[in-house]
Amino acid sequence: MAPMGMEPATSPGSLRGFCLSAERSGASVYLRPLGILGHEAAGRAVEAGTALPLAGGPLAFGTVEVIARADGAGTGGIERAIGPIGELAGLAPAADLLDALSRPRAPFAGLVFDRPAVMGIVNVTPDSFSDGGDFLDHDRAVAQGTALLEAGADILDVGGESTRPGADPVPVEEEVRRVVPVIRHFAERGAIVSIDTRHASVMAAALEAGAAIINDVTALTGDPGSLDVAAGAGAPVVLMHMRGEPRTMQQAPEYADAPTDVYAYLAERVAACLEAGMSAGNLCVDPGIGFGKTVEHNLQILRHTALFHGLGVPLLIGLSRKRFIASLSRGEAPKERLAGSLAGALAGFDQGAQILRVHDVAETCQARALWAGLHLRRI
């Protein structure tokens with residue numbers, strides 16, 4: 001029996017009744033696209049009016065799961081129903097969510113999402129979980145970034161502070177010293193470079209050096225000046241969810257419902273950025289796989305990847321070489337997690353993620369090429 005008095009969705013039109021009941025009860029409503037189509041089937045379904053484009057891209061969806069959540073009620077206050085999108089026509093707030101899920105995304109830092117983009121990682125750090133110390137030297141960092149671009153990276157993500165679980169903070173002066181020369185090198189050569197930082201002064205220095213994107217694991221909350229720097233510069237920003245901070249984030253993280261908890265947080269951060277004068281076209285969200293989440297939390301969020309398109313902005317997924325992959329397998333070391341990373345990347349592609357942040361660019365681009373041949377009408 002539904003504790004919020006919602007009608008079970010078991011007959012034609014019942015999804016609409018479920019949504020109306022949720023609205024009357026004051027529940028928050030989320031839509032998760034299901035039955036995602038690719039290739040010719042997507043085009044035919046959209047033309048027939050039985051499906052909508054997913055985030056305005058080449059994939060399409062004709063079915064949704066409606067998630068109704070009584071705020072503050074915990075997992076017992078969450079109800080779900082599945083049905084065709086046609087049952088939700090003209091029904092607020094579902095119609096607004098369908099519009100957000102389906103409308104085209106504006107180019108982000110010049111990227112047009114007719115296919116998923118690959119963001120290659122350049123960690124100019126001594127202690128990152130996977131490649132700490134490998135590219136701390138400037139020349140090696142430049143060589144790595146060059147290799148990633150040649151392998152097909154659309155973006156280079158340069159970071160000077162590890163945010164692995166348990167990592168200690170780095171003085172901002174040291175972080176700037178590490179990243180600025182690398183950013184300037186690639187920006188001067190026309191590459192799209194993002195700065196992976198949670199510090200306003202590092203953001204400002206990186207933007208001055210030519211960085212095109214701010215990628216912040218704290219969604220512009222980790223430094224009081226971050227929102228002003230990003231808004232003042234008019235810079236594209238990736239807003240990531242993290243529970244806690246790197247030193248403590250993996251100490252027994254808890255959620256009432258991980259996917260909708262993370263969604264609600266990111267919705268608040270998008271709203272804060274819009275209120276600060278930033279444009280929606282300069283925002284991207286990242287649910288933060290591995291940042292204050294257990295293995296099961298990560299899996300729940302990844303199963304609900306398409307849910308986050310309801311925020312109306314591009315979606316980035318970063319799961320490359322993360323520890324949860326090894327936890328599900330045989331405890332492999334970070335550099336031995338390629339197969340799991342590719343499996344996760346393909347799952348993200350299947351749910352319309354616009355950007356994948358990865359260490360292994362050549363392999364991911366090859367996997368993307370095959371996936372695109374199977375699922376996209378043409379790239």
# chains A, B, ... in the order shown; residues from 1 in each chain; ligands from 1
>>> select_by_dssp(residues="region 89-323 of chain A", states="helix (DSSP H, G or I)", output="PyMOL selection string")
chain A and resi 94-102+138-150+172-187+200-209+226-233+258-275+280-282+295-303+305-311+323
>>> residues_around(residues="His138 (chain A)", least_positions_apart="4", cutoff="12 Å", atoms="only C-alpha atoms", output="PDB file with N, CA and C atoms, in the first residue's frame")
ATOM      1  N   VAL A 122      44.726  14.497 -16.486  1.00  0.00           N
ATOM      2  CA  VAL A 122      46.153  14.765 -16.300  1.00  0.00           C
ATOM      3  C   VAL A 122      46.336  15.209 -14.854  1.00  0.00           C
ATOM      4  N   ASN A 123      46.764  14.299 -14.001  1.00  0.00           N
ATOM      5  CA  ASN A 123      46.964  14.587 -12.582  1.00  0.00           C
ATOM      6  C   ASN A 123      48.404  15.027 -12.339  1.00  0.00           C
ATOM      7  N   VAL A 124      48.590  16.321 -12.077  1.00  0.00           N
ATOM      8  CA  VAL A 124      49.919  16.857 -11.790  1.00  0.00           C
ATOM      9  C   VAL A 124      50.086  16.820 -10.273  1.00  0.00           C
ATOM     10  N   THR A 125      50.080  15.592  -9.730  1.00  0.00           N
ATOM     11  CA  THR A 125      50.067  15.373  -8.283  1.00  0.00           C
ATOM     12  C   THR A 125      51.010  14.234  -7.913  1.00  0.00           C
ATOM     13  N   GLY A 133      52.107  10.876  -8.924  1.00  0.00           N
ATOM     14  CA  GLY A 133      53.542  10.930  -9.162  1.00  0.00           C
ATOM     15  C   GLY A 133      53.949  10.665 -10.588  1.00  0.00           C
ATOM     16  N   ASP A 134      53.073  10.071 -11.376  1.00  0.00           N
ATOM     17  CA  ASP A 134      53.444   9.734 -12.754  1.00  0.00           C
ATOM     18  C   ASP A 134      53.706  10.979 -13.594  1.00  0.00           C
ATOM     19  N   VAL A 142      53.023  17.298 -19.697  1.00  0.00           N
ATOM     20  CA  VAL A 142      52.783  17.753 -21.064  1.00  0.00           C
ATOM     21  C   VAL A 142      52.777  16.573 -22.031  1.00  0.00           C
ATOM     22  N   ALA A 143      53.717  15.648 -21.838  1.00  0.00           N
ATOM     23  CA  ALA A 143      53.760  14.466 -22.704  1.00  0.00           C
ATOM     24  C   ALA A 143      52.485  13.641 -22.558  1.00  0.00           C
ATOM     25  N   GLN A 144      51.991  13.503 -21.324  1.00  0.00           N
ATOM     26  CA  GLN A 144      50.767  12.747 -21.104  1.00  0.00           C
ATOM     27  C   GLN A 144      49.574  13.433 -21.745  1.00  0.00           C
ATOM     28  N   GLY A 145      49.442  14.737 -21.545  1.00  0.00           N
ATOM     29  CA  GLY A 145      48.338  15.459 -22.160  1.00  0.00           C
ATOM     30  C   GLY A 145      48.371  15.381 -23.675  1.00  0.00           C
ATOM     31  N   VAL A 158      43.007  19.005 -16.003  1.00  0.00           N
ATOM     32  CA  VAL A 158      44.285  19.141 -15.304  1.00  0.00           C
ATOM     33  C   VAL A 158      44.020  19.440 -13.834  1.00  0.00           C
ATOM     34  N   GLY A 160      45.819  19.628  -9.725  1.00  0.00           N
ATOM     35  CA  GLY A 160      47.038  19.700  -8.942  1.00  0.00           C
ATOM     36  C   GLY A 160      46.862  19.316  -7.496  1.00  0.00           C
ATOM     37  N   ARG A 177      51.203  26.406  -8.805  1.00  0.00           N
ATOM     38  CA  ARG A 177      52.521  26.146  -9.406  1.00  0.00           C
ATOM     39  C   ARG A 177      52.488  24.892 -10.264  1.00  0.00           C
ATOM     40  N   ARG A 178      51.757  23.886  -9.829  1.00  0.00           N
ATOM     41  CA  ARG A 178      51.700  22.630 -10.564  1.00  0.00           C
ATOM     42  C   ARG A 178      50.901  22.743 -11.864  1.00  0.00           C
ATOM     43  N   VAL A 179      49.763  23.410 -11.806  1.00  0.00           N
ATOM     44  CA  VAL A 179      48.827  23.300 -12.928  1.00  0.00           C
ATOM     45  C   VAL A 179      48.954  24.390 -13.989  1.00  0.00           C
ATOM     46  N   VAL A 180      49.295  25.608 -13.579  1.00  0.00           N
ATOM     47  CA  VAL A 180      49.243  26.729 -14.528  1.00  0.00           C
ATOM     48  C   VAL A 180      50.138  26.523 -15.756  1.00  0.00           C
ATOM     49  N   PRO A 181      51.402  26.097 -15.604  1.00  0.00           N
ATOM     50  CA  PRO A 181      52.221  25.910 -16.819  1.00  0.00           C
ATOM     51  C   PRO A 181      51.659  24.853 -17.767  1.00  0.00           C
ATOM     52  N   VAL A 182      51.067  23.802 -17.213  1.00  0.00           N
ATOM     53  CA  VAL A 182      50.496  22.741 -18.052  1.00  0.00           C
ATOM     54  C   VAL A 182      49.265  23.264 -18.786  1.00  0.00           C
ATOM     55  N   ILE A 183      48.413  23.974 -18.064  1.00  0.00           N
ATOM     56  CA  ILE A 183      47.219  24.541 -18.692  1.00  0.00           C
ATOM     57  C   ILE A 183      47.603  25.504 -19.806  1.00  0.00           C
ATOM     58  N   ARG A 184      48.552  26.391 -19.519  1.00  0.00           N
ATOM     59  CA  ARG A 184      48.944  27.377 -20.518  1.00  0.00           C
ATOM     60  C   ARG A 184      49.498  26.706 -21.776  1.00  0.00           C
ATOM     61  N   HIS A 185      50.294  25.655 -21.583  1.00  0.00           N
ATOM     62  CA  HIS A 185      50.875  24.947 -22.727  1.00  0.00           C
ATOM     63  C   HIS A 185      49.784  24.464 -23.669  1.00  0.00           C
TER      64      HIS A 185
END
>>> select_by_dssp(residues="region 9-226 of chain A", states="strand (DSSP E or B)", output="JSON, numbers by chain")
{"A": [28, 29, 30, 31, 32, 33, 34, 37, 52, 53, 60, 61, 63, 64, 65, 66, 67, 68, 69, 78, 79, 80, 81, 82, 83, 84, 108, 111, 117, 118, 119, 120, 121, 122, 123, 155, 156, 157, 158, 159, 193, 194, 195, 196, 213, 214, 215, 216]}
>>> residues_around(residues="region 101-113 of chain A", least_positions_apart="6", cutoff="6 Å", atoms="only C-alpha atoms", output="PyMOL selection string")
chain A and resi 52-56+281+309-310
>>> residues_around(residues="Phe291 (chain A)", least_positions_apart="6", cutoff="7 Å", atoms="only C-alpha atoms", output="PyMOL selection string")
chain A and resi 242-243+249
>>> residues_around(residues="Leu376 (chain A)", least_positions_apart="3", cutoff="12 Å", atoms="only C-alpha atoms", output="list of chain:residue names")
A:Leu37, A:Gly38, A:His39, A:Glu40, A:Ala41, A:Ala42, A:Gly43, A:Gly57, A:Pro58, A:Leu59, A:Ala60, A:Phe113, A:Asp114, A:Arg115, A:Pro116, A:Phe349, A:Asp350, A:Gly352, A:Arg368, A:Ala369, A:Leu370, A:Trp371, A:Ala372, A:Gly373, A:Ile379
>>> residues_around(residues="Ser28 (chain A)", least_positions_apart="4", cutoff="10 Å", atoms="only C-alpha atoms", output="list in words")
Ala22, Glu23, Ile67, Ala68, Arg69, Ala70, Asp71, Ile78, Pro93, Thr260 and Ala264 of chain A
>>> closest_atom_pairs(of="region 182-296 of chain A", to="region 300-305 of chain A", cutoff="9 Å", atoms="only C-alpha atoms", output="JSON lines")
{"residue": "A:Asp257", "atom": "CA", "partner": "A:Gln300", "partner_atom": "CA", "distance": 8.8}
{"residue": "A:Ala258", "atom": "CA", "partner": "A:Ile301", "partner_atom": "CA", "distance": 6.5}
{"residue": "A:Pro259", "atom": "CA", "partner": "A:Ile301", "partner_atom": "CA", "distance": 4.9}
{"residue": "A:Thr260", "atom": "CA", "partner": "A:Ile301", "partner_atom": "CA", "distance": 8.7}
{"residue": "A:Val262", "atom": "CA", "partner": "A:Ile301", "partner_atom": "CA", "distance": 8.4}
{"residue": "A:Pro287", "atom": "CA", "partner": "A:Ile301", "partner_atom": "CA", "distance": 7.5}
{"residue": "A:Ile289", "atom": "CA", "partner": "A:Ile301", "partner_atom": "CA", "distance": 7.8}
{"residue": "A:Val295", "atom": "CA", "partner": "A:Gln300", "partner_atom": "CA", "distance": 8.7}
{"residue": "A:Glu296", "atom": "CA", "partner": "A:Gln300", "partner_atom": "CA", "distance": 6.1}
>>> write_last_selection(atoms="C-alpha atoms", output="short mmCIF file (atom, residue, chain, number, x, y, z; two decimals), in the first residue's frame")
data_model
loop_
_atom_site.label_atom_id
_atom_site.label_comp_id
_atom_site.auth_asym_id
_atom_site.auth_seq_id
_atom_site.Cartn_x
_atom_site.Cartn_y
_atom_site.Cartn_z
CA ASP A 257 17.86 7.33 -1.43
CA ALA A 258 21.19 7.97 -3.14
CA PRO A 259 19.98 8.90 -6.66
CA THR A 260 17.31 11.39 -5.56
CA VAL A 262 22.21 13.53 -5.15
CA PRO A 287 26.83 12.85 -9.52
CA ILE A 289 30.80 8.41 -8.27
CA VAL A 295 29.64 0.45 -3.61
CA GLU A 296 25.86 0.10 -3.52
#
>>> residues_around(residues="Leu239 (chain A)", least_positions_apart="4", cutoff="9 Å", atoms="only C-alpha atoms", output="MDAnalysis selection string")
chainID A and resid 214:220 266 269:270 283:287
>>> closest_residue(among="A:Gly290, A:Ser279, A:Leu338, A:Ala206", to="His241 (chain A)", atoms="only C-alpha atoms")
A:Gly290
>>> atom_distance(atom1="CA of Asp96 (chain A)", atom2="CA of Ala271 (chain A)")
15.5 Å
>>> closest_residue(among="A:Ala256, A:Ala230, A:Ala45, A:Val238", to="Leu315 (chain A)", atoms="only C-alpha atoms")
A:Val238
>>> atom_distance(atom1="CA of Gly292 (chain A)", atom2="CA of Pro314 (chain A)")
22.1 Å
